[in-house]
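J.: Below: one structure in structure tokens.
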Amino acid sequence: MAIWLKRGATAEAKATADRKVRDIVEAALADIAQRGDAAVRDMSIQFDGWDREDYRLSQAEIDAAVESLTAQERKDIEFAQAQVRNFAQIQRDSMRDVEVETMPGVVLGHRHVPINAAGCYVPGGKYPLLASAHMSVITAKVAGVKRVITCAPPFQGKAARHIVAAQAMAGADAIYALGGIQAVGAMALGTQSIDPVDILVGPGNAFVAEAKRQLFGRVGIDLFAGPTETLIIADEVGCDPEMAATDILGQVEHGPDSPGVLLTTSERLARETMAEIERLLQILPTAEHARRAWQDFGEVIVAESDAEMVAIADEIASEHVQVMTADPDYFLQNMTNYGALFLGARTNVSFGDKVIGTNHTLPTKKAARYTGGLWVGKFLKTCTYQKVLTDEASALIGEYCSRLCALEGFAGHGEQANLRVRRYGGREVPYAGQAEPSALTRA
């Protein structure tokens, strides 16, 4: 049976924090719905100390951000975007429209129809996370979305130039310097200056995630992407304390509420990793966020076997799962609940976050039990259609449909079927609910 050497915050403590966030977000969204741009401006000033006449960046501002990149910076962003675009295109190419004659005279099909407008949130309050621009904008464009707008918060008192450049290079149609609840609320609800979108995508902090949750239904969302989560699955063959500690701290630096978990079959590796984390926290430049996250949300679990680690990992359902064991493919073949897997010591979550090509917007808070991460399919609606080509097929389907409608008591539904039987099959069928054909049916 597994033992916990370290536990994170209790479920009750997390629920209390969630309630506070929920109340703040609910009030903020109601304000945006009522006052529009005025509410957005008030919140931007209150939360980000940021005000300007128009939060949409001008083309001159966008061009200046792109031109400010060094040659190496531009090359690096182009490389990352090429990887994301390539994998998104591979995903899109795997999705085929279908049309098939399922029985003589009956044709069924589906089409993958792009959503018309997407709003992409790019987080950047603590760090200018330009990679989120690649993941959302490029994926939407590959899917065929006609209008893609982006919002990112200001960074150090001005629009974050690297984010702006990445958004522009990715193909965004409009770029706004807005963050937090006010950004996702404005994109979803619309204001006097911002036309509403059909879907919201992109990661964010607890307030952004809760705003997306409350807006779901009014618009679509990609998934519930809250604070970053990471799970390291390791044994003494595939990993060492320095690597385990580095890979945990490399993710919990996102913020003070980011869970980092070590799951291992080796108590020695577990204890040495905990010691290594304390050592690295003395020298890590982002230790302020990482230390609090590790103290409040970090966990260390020692299991008896790989099979038990699979069971525990599926229960945790972490956003990122990094597997560094003697046989990483065992976890690929047996795990079912995860946002993304990173198999073997040669890869890591940072590769996926920044450059390797898979999407880094992934499910958190156990949402991996029922959804994967953002991908090109999130921007497509799979819409079905049907055609009945012959009189014989219409009459045959109509007879079955009529009897099934009668079982349910749907007279109007049944008459839709009966009309086709009479018209295309030439057979006398009573009007739905009547024992004999009526004058109306024979007319």
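Residues in the structure tokens are numbered from 1 in each chain, the chains being A, B, ... in the order shown, and ligands are numbered from 1 in the order shown.
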I'd like the neighbourhood of A:Val113 as a tab-separated table (two decimals) with all heavy atoms, in the first residue's frame, where a residue qualifies if any of its atoms comes within 7 Å (using only C-alpha atoms), though same-chain residues fewer than 3 positions away should be ignored.

T.:
chain	number	residue	atom	x	y	z
A	380	LEU	N	-13.48	22.76	-34.32
A	380	LEU	CA	-14.32	22.21	-35.39
A	380	LEU	C	-15.60	21.63	-34.81
A	380	LEU	O	-15.57	20.99	-33.76
A	380	LEU	CB	-13.56	21.12	-36.15
A	380	LEU	CG	-12.31	21.56	-36.90
A	380	LEU	CD1	-11.49	20.35	-37.32
A	380	LEU	CD2	-12.66	22.41	-38.11
A	381	LYS	N	-16.70	21.84	-35.49
A	381	LYS	CA	-17.97	21.22	-35.13
A	381	LYS	C	-18.22	20.07	-36.10
A	381	LYS	O	-18.24	20.29	-37.31
A	381	LYS	CB	-19.11	22.24	-35.22
A	381	LYS	CG	-18.95	23.46	-34.34
A	381	LYS	CD	-20.00	24.50	-34.64
A	381	LYS	CE	-19.80	25.12	-36.01
A	381	LYS	NZ	-20.80	26.19	-36.29
A	382	THR	N	-18.37	18.87	-35.58
A	382	THR	CA	-18.66	17.73	-36.44
A	382	THR	C	-20.17	17.65	-36.62
A	382	THR	O	-20.90	17.26	-35.71
A	382	THR	CB	-18.11	16.44	-35.84
A	382	THR	OG1	-16.70	16.59	-35.65
A	382	THR	CG2	-18.35	15.26	-36.76
A	383	CYS	N	-20.64	18.08	-37.79
A	383	CYS	CA	-22.07	18.26	-38.05
A	383	CYS	C	-22.55	17.21	-39.04
A	383	CYS	O	-21.96	17.05	-40.12
A	383	CYS	CB	-22.34	19.65	-38.61
A	383	CYS	SG	-21.78	20.99	-37.53

J.: Excluding A:Phe297 and its own-chain neighbours fewer than 6 positions away, which residues fall within 7 Å of it when counting only C-alpha atoms? Please give them as JSON, numbers by chain.

T.: {"A": [8, 9, 257, 258, 259, 260]}

J.: If you count only C-alpha atoms, which residues fall within 7 Å of A:Ala345, apart from same-chain ones fewer than 5 positions away, as a ChimeraX atom specification?

T.: /A:238-239,324

J.: Taking all heavy atoms for each residue, export the selection above as a short mmCIF file (atom, residue, chain, number, x, y, z; two decimals), in the first residue's frame.

T.:
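Wrote it out as again.cif, contents follow:
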data_model
loop_
_atom_site.label_atom_id
_atom_site.label_comp_id
_atom_site.auth_asym_id
_atom_site.auth_seq_id
_atom_site.Cartn_x
_atom_site.Cartn_y
_atom_site.Cartn_z
N GLY A 238 15.18 4.90 -13.93
CA GLY A 238 14.92 5.91 -14.94
C GLY A 238 15.17 7.34 -14.51
O GLY A 238 15.11 8.25 -15.35
N CYS A 239 15.47 7.55 -13.24
CA CYS A 239 15.52 8.93 -12.74
C CYS A 239 16.49 9.03 -11.57
O CYS A 239 16.84 8.04 -10.94
CB CYS A 239 14.12 9.37 -12.30
SG CYS A 239 13.97 11.11 -11.88
N MET A 324 9.60 8.73 -15.79
CA MET A 324 11.03 8.40 -15.88
C MET A 324 11.26 7.13 -15.09
O MET A 324 11.65 7.15 -13.92
CB MET A 324 11.87 9.57 -15.36
CG MET A 324 11.75 10.82 -16.22
SD MET A 324 12.76 12.22 -15.67
CE MET A 324 11.83 12.75 -14.22
#

J.: Under the rule that only C-alpha atoms are counted, which of A:Ala159, A:Ile194, A:Met43, A:Val100 is the nearest residue to A:Val388?

T.: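 Of A:Ala159, A:Ile194, A:Met43, A:Val100, the one nearest A:Val388 is A:Val100, counting only C-alpha atoms.
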
J.: I need the residue nearest A:Pro123 from this list: A:Trp294, A:Phe79, A:Phe207, A:Tyr55. Use only C-alpha atoms for the distance.

T.: A:Phe207

J.: Would you mind telling me which residue in A:Arg7, A:Arg85, A:His289, A:Lys366 lies nearest to A:Lys126 when using only C-alpha atoms?

T.: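 Answer, going by the shortest atom-to-atom distance: A:His289.
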
J.: Write out as a list of chain:residue names which residues come within 12 Å of A:Asp37 when counting only C-alpha atoms, dropping same-chain ones fewer than 4 positions away.

T.: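 Non-adjacent residues within range: A:Asp31, A:Ile32, A:Ala33, A:Arg41, A:Asp42, A:Met43, A:Ser44, A:Asp51, A:Arg52, A:Glu53, A:Asp54, A:Tyr55, A:Arg56, A:Leu178, A:Gln182, A:Ala183, A:Gly185, A:Ala186, A:Met187, A:Leu189, A:Gly190, A:Thr191, A:Gln192, A:Ser193, A:Ile194, A:Asp195.
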